[in-house]
$ cat upload.cif   # mmCIF, C-alpha atoms and all ligand atoms
data_model
loop_
_atom_site.group_PDB
_atom_site.id
_atom_site.type_symbol
_atom_site.label_atom_id
_atom_site.label_comp_id
_atom_site.auth_asym_id
_atom_site.auth_seq_id
_atom_site.Cartn_x
_atom_site.Cartn_y
_atom_site.Cartn_z
ATOM 1 C CA MET A 105 -17.441 84.132 67.403
ATOM 2 C CA ILE A 106 -19.412 84.065 64.169
ATOM 3 C CA LEU A 107 -23.115 84.728 64.662
ATOM 4 C CA LYS A 108 -25.926 82.978 62.829
ATOM 5 C CA ILE A 109 -27.462 85.015 59.990
ATOM 6 C CA GLU A 110 -31.260 85.250 59.918
ATOM 7 C CA THR A 111 -32.614 84.677 56.430
ATOM 8 C CA GLY A 112 -35.919 84.797 54.579
ATOM 9 C CA SER A 113 -38.127 87.595 53.309
ATOM 10 C CA ASP A 114 -40.909 86.733 55.787
ATOM 11 C CA ASN A 115 -38.661 86.030 58.784
ATOM 12 C CA PRO A 116 -40.402 87.857 61.699
ATOM 13 C CA ILE A 117 -37.089 89.039 63.191
ATOM 14 C CA LEU A 118 -36.121 90.686 59.897
ATOM 15 C CA ARG A 119 -39.588 92.255 59.647
ATOM 16 C CA LYS A 120 -39.728 93.732 63.162
ATOM 17 C CA LYS A 121 -38.795 97.342 63.983
ATOM 18 C CA SER A 122 -35.670 97.554 66.110
ATOM 19 C CA VAL A 123 -35.460 99.531 69.356
ATOM 20 C CA ARG A 124 -33.001 102.318 70.229
ATOM 21 C CA ILE A 125 -29.941 101.409 72.252
ATOM 22 C CA SER A 126 -29.466 103.366 75.473
ATOM 23 C CA LYS A 127 -26.916 101.230 77.356
ATOM 24 C CA PHE A 128 -23.333 101.673 76.194
ATOM 25 C CA ASP A 129 -21.762 98.884 78.194
ATOM 26 C CA LYS A 130 -19.311 95.998 77.750
ATOM 27 C CA LYS A 131 -22.055 93.824 76.378
ATOM 28 C CA LEU A 132 -22.654 96.256 73.519
ATOM 29 C CA LYS A 133 -18.919 96.396 72.703
ATOM 30 C CA LYS A 134 -18.695 92.604 72.680
ATOM 31 C CA PHE A 135 -21.758 92.285 70.456
ATOM 32 C CA ALA A 136 -20.363 94.885 68.017
ATOM 33 C CA LYS A 137 -17.103 92.901 67.822
ATOM 34 C CA GLN A 138 -19.003 89.702 67.079
ATOM 35 C CA MET A 139 -21.019 91.471 64.390
ATOM 36 C CA ILE A 140 -17.813 92.782 62.773
ATOM 37 C CA ALA A 141 -16.297 89.278 62.769
ATOM 38 C CA THR A 142 -19.497 87.866 61.267
ATOM 39 C CA MET A 143 -19.676 90.527 58.537
ATOM 40 C CA LEU A 144 -16.029 89.964 57.574
ATOM 41 C CA ALA A 145 -16.451 86.177 57.579
ATOM 42 C CA LYS A 146 -19.455 86.492 55.251
ATOM 43 C CA ASP A 147 -17.756 89.095 53.055
ATOM 44 C CA GLY A 148 -20.522 91.672 53.600
ATOM 45 C CA VAL A 149 -20.326 95.441 53.121
ATOM 46 C CA GLY A 150 -22.602 95.983 56.074
ATOM 47 C CA LEU A 151 -24.594 94.145 58.721
ATOM 48 C CA ALA A 152 -27.573 95.165 60.863
ATOM 49 C CA ALA A 153 -28.297 93.633 64.288
ATOM 50 C CA PRO A 154 -31.668 92.093 63.249
ATOM 51 C CA GLN A 155 -29.724 90.033 60.699
ATOM 52 C CA VAL A 156 -28.095 88.224 63.614
ATOM 53 C CA GLY A 157 -31.334 87.924 65.574
ATOM 54 C CA VAL A 158 -31.216 91.072 67.718
ATOM 55 C CA ASN A 159 -33.865 93.772 67.219
ATOM 56 C CA GLU A 160 -31.715 96.696 68.368
ATOM 57 C CA ARG A 161 -30.498 99.723 66.417
ATOM 58 C CA LEU A 162 -26.889 98.728 65.745
ATOM 59 C CA VAL A 163 -25.279 98.588 62.309
ATOM 60 C CA ILE A 164 -21.775 97.655 61.201
ATOM 61 C CA LEU A 165 -20.525 99.389 58.089
ATOM 62 C CA ASN A 166 -17.459 98.187 56.240
ATOM 63 C CA PHE A 167 -16.105 101.519 55.077
ATOM 64 C CA GLN A 168 -14.419 101.580 51.711
ATOM 65 C CA LEU A 169 -11.891 104.351 52.034
ATOM 66 C CA GLY A 170 -10.799 105.357 48.542
ATOM 67 C CA GLY A 171 -8.825 102.290 47.487
ATOM 68 C CA LYS A 172 -7.421 101.778 50.974
ATOM 69 C CA LYS A 173 -8.233 98.827 53.181
ATOM 70 C CA SER A 174 -11.797 98.700 54.425
ATOM 71 C CA LYS A 175 -12.483 99.614 58.011
ATOM 72 C CA PRO A 176 -15.535 98.202 59.815
ATOM 73 C CA ILE A 177 -17.092 100.529 62.380
ATOM 74 C CA PRO A 178 -20.161 100.137 64.617
ATOM 75 C CA LEU A 179 -22.906 102.755 64.276
ATOM 76 C CA VAL A 180 -25.377 102.906 67.160
ATOM 77 C CA ASN A 181 -28.847 104.405 66.579
ATOM 78 C CA PRO A 182 -27.949 105.614 63.043
ATOM 79 C CA GLU A 183 -30.293 108.076 61.328
ATOM 80 C CA ILE A 184 -30.208 109.844 57.982
ATOM 81 C CA ILE A 185 -30.439 113.572 58.628
ATOM 82 C CA ASP A 186 -29.772 114.848 55.110
ATOM 83 C CA ALA A 187 -29.620 113.416 51.585
ATOM 84 C CA SER A 188 -28.672 114.571 48.107
ATOM 85 C CA VAL A 189 -31.356 115.463 45.581
ATOM 86 C CA LYS A 190 -29.820 112.938 43.227
ATOM 87 C CA ALA A 191 -30.647 109.244 43.478
ATOM 88 C CA ILE A 192 -28.875 106.327 41.811
ATOM 89 C CA ILE A 193 -30.254 102.936 40.796
ATOM 90 C CA GLU A 194 -27.849 100.033 41.284
ATOM 91 C CA GLU A 195 -27.957 96.341 42.021
ATOM 92 C CA GLU A 196 -27.936 95.163 45.635
ATOM 93 C CA GLY A 197 -27.868 91.897 47.484
ATOM 94 C CA CYS A 198 -28.285 90.979 51.151
ATOM 95 C CA LEU A 199 -26.732 88.335 53.420
ATOM 96 C CA SER A 200 -30.257 87.611 54.687
ATOM 97 C CA LEU A 201 -31.580 86.959 51.170
ATOM 98 C CA PRO A 202 -28.906 84.692 49.714
ATOM 99 C CA GLY A 203 -28.884 84.059 45.972
ATOM 100 C CA ILE A 204 -31.029 87.004 44.883
ATOM 101 C CA PHE A 205 -30.155 90.469 43.631
ATOM 102 C CA GLY A 206 -32.112 93.453 42.403
ATOM 103 C CA LYS A 207 -31.885 97.097 41.477
ATOM 104 C CA VAL A 208 -32.749 99.646 44.144
ATOM 105 C CA LYS A 209 -32.881 103.450 44.053
ATOM 106 C CA ARG A 210 -30.819 105.138 46.769
ATOM 107 C CA TRP A 211 -29.673 108.683 47.533
ATOM 108 C CA LYS A 212 -26.244 109.424 46.054
ATOM 109 C CA THR A 213 -24.933 111.034 49.230
ATOM 110 C CA VAL A 214 -26.334 111.021 52.761
ATOM 111 C CA THR A 215 -25.416 112.642 56.042
ATOM 112 C CA ILE A 216 -25.944 110.411 59.033
ATOM 113 C CA ARG A 217 -26.030 110.963 62.750
ATOM 114 C CA PHE A 218 -25.203 108.114 65.124
ATOM 115 C CA GLU A 219 -23.492 107.272 68.394
ATOM 116 C CA ASP A 220 -20.240 105.375 68.762
ATOM 117 C CA GLU A 221 -19.780 102.451 71.160
ATOM 118 C CA THR A 222 -19.195 104.815 74.078
ATOM 119 C CA GLY A 223 -22.379 106.805 73.403
ATOM 120 C CA SER A 224 -20.667 109.871 71.904
ATOM 121 C CA PRO A 225 -22.716 111.518 69.150
ATOM 122 C CA ARG A 226 -21.089 111.622 65.718
ATOM 123 C CA ALA A 227 -22.011 112.606 62.171
ATOM 124 C CA LEU A 228 -20.643 111.555 58.783
ATOM 125 C CA GLU A 229 -21.273 112.380 55.161
ATOM 126 C CA LEU A 230 -21.206 109.269 52.986
ATOM 127 C CA GLU A 231 -21.123 108.706 49.242
ATOM 128 C CA GLY A 232 -20.812 105.859 46.763
ATOM 129 C CA LEU A 233 -20.994 102.345 48.161
ATOM 130 C CA ASN A 234 -20.871 103.656 51.734
ATOM 131 C CA ALA A 235 -24.006 105.758 51.127
ATOM 132 C CA ARG A 236 -25.824 102.842 49.504
ATOM 133 C CA ALA A 237 -24.824 100.411 52.241
ATOM 134 C CA ILE A 238 -25.935 102.622 55.144
ATOM 135 C CA GLN A 239 -29.359 103.217 53.533
ATOM 136 C CA HIS A 240 -29.744 99.440 53.107
ATOM 137 C CA GLU A 241 -28.706 98.781 56.735
ATOM 138 C CA ILE A 242 -30.935 101.496 58.232
ATOM 139 C CA ASP A 243 -33.835 99.945 56.299
ATOM 140 C CA HIS A 244 -33.135 96.673 58.158
ATOM 141 C CA LEU A 245 -33.722 98.496 61.470
ATOM 142 C CA GLY A 246 -37.217 99.375 60.256
ATOM 143 C CA GLY A 247 -37.970 95.839 59.111
ATOM 144 C CA VAL A 248 -37.530 96.783 55.441
ATOM 145 C CA LEU A 249 -35.681 94.572 52.947
ATOM 146 C CA PHE A 250 -34.287 95.604 49.560
ATOM 147 C CA ILE A 251 -36.856 93.453 47.766
ATOM 148 C CA ASP A 252 -39.546 95.858 49.054
ATOM 149 C CA LYS A 253 -37.990 98.648 46.951
ATOM 150 C CA LEU A 254 -37.120 96.871 43.716
ATOM 151 C CA GLU A 255 -36.830 98.738 40.434
ATOM 152 C CA GLY A 256 -37.477 95.880 38.044
ATOM 153 C CA GLU A 257 -36.954 92.154 38.338
ATOM 154 C CA ILE A 258 -35.140 89.957 40.827
ATOM 155 C CA ARG A 259 -32.007 88.334 39.474
ATOM 156 C CA GLU A 260 -30.960 84.962 40.811
ATOM 157 C CA GLY A 261 -27.246 84.390 41.086
ATOM 158 C CA LYS A 262 -24.257 84.143 43.359
HETATM 159 ZN ZN ZN A 301 -29.262 93.376 54.034
#

$ encode --input "upload.cif" --output "structure tokens"
Amino acid sequence: MILKIETGSDNPILRKKSVRISKFDKKLKKFAKQMIATMLAKDGVGLAAPQVGVNERLVILNFQLGGKKSKPIPLVNPEIIDASVKAIIEEEGCLSLPGIFGKVKRWKTVTIRFEDETGSPRALELEGLNARAIQHEIDHLGGVLFIDKLEGEIREGK
């Protein structure tokens, strides 16, 4: 099932802070599957639960593994616990803000802590597009959109 994407920079669902997930049940697994299907259908590199109307701390990241096929995984309650000193400015877009792009400064590498679908704690160090994408998605959980952090002008496009 493909879920409906919430759009708009003043959409209250996209602007609300999401709550931590504490129940690791079948419902969560099913929702994560639906989010993965939705992200793949929309050709996204990541998707946060508020983008499909649910204010809970769940993110799907479409991992780009060094030229290999991408692998979408669900990250529950993700947090950045460490970041590089170096930041990079690059253009970003968002499925919830169709047709606009802009440059945003992000940490080059980040270490994140999260739980998998069964509630087991995990940690990962991310770089490149993966690092950029997870920072963008974690922002969604705090009601923050990339347009709040622009370095320069918005570009309209496809
Ligand atoms: Zn987004």

$ residues_near_ligand --input "upload.cif" --ligand "ligand ZN 301 (chain A)" --cutoff "10 Å" --atoms "only C-alpha atoms and all ligand atoms" --output "PyMOL selection string"
chain A and resi 111+118+148-152+154-155+196-202+237-244+248-251

$ closest_residue --input "upload.cif" --among "A:Glu229, A:Glu160, A:Glu260, A:Glu183" --to "Arg124 (chain A)" --atoms "all atoms listed in the file"
A:Glu160

$ closest_residue --input "upload.cif" --among "A:Ala227, A:Arg119, A:Lys127, A:Met143" --to "Ile106 (chain A)" --atoms "only C-alpha atoms"
A:Met143

$ residues_near_point --input "upload.cif" --point "(-25.1, 112.6, 59.8)" --cutoff "8 Å" --atoms "all atoms listed in the file" --output "list of chain:residue names"
A:Glu183, A:Ile184, A:Ile185, A:Asp186, A:Val214, A:Thr215, A:Ile216, A:Arg217, A:Phe218, A:Arg226, A:Ala227, A:Leu228, A:Glu229

$ atom_distance --input "upload.cif" --atom1 "CA of Glu231 (chain A)" --atom2 "CA of Ser174 (chain A)"
14.6 Å

$ resolve_selection --input "upload.cif" --expression "the PyMOL selection byres (((chain A and resi 158) around 12) and not hetatm)" --output "VMD selection string"
chain A and resid 107 to 110 116 to 125 132 135 to 136 139 151 to 157 159 to 163 244 to 245 247

$ atom_distance --input "upload.cif" --atom1 "CA of Lys207 (chain A)" --atom2 "CA of Ile164 (chain A)"
22.2 Å

$ atom_distance --input "upload.cif" --atom1 "CA of Thr222 (chain A)" --atom2 "CA of Pro182 (chain A)"
14.1 Å
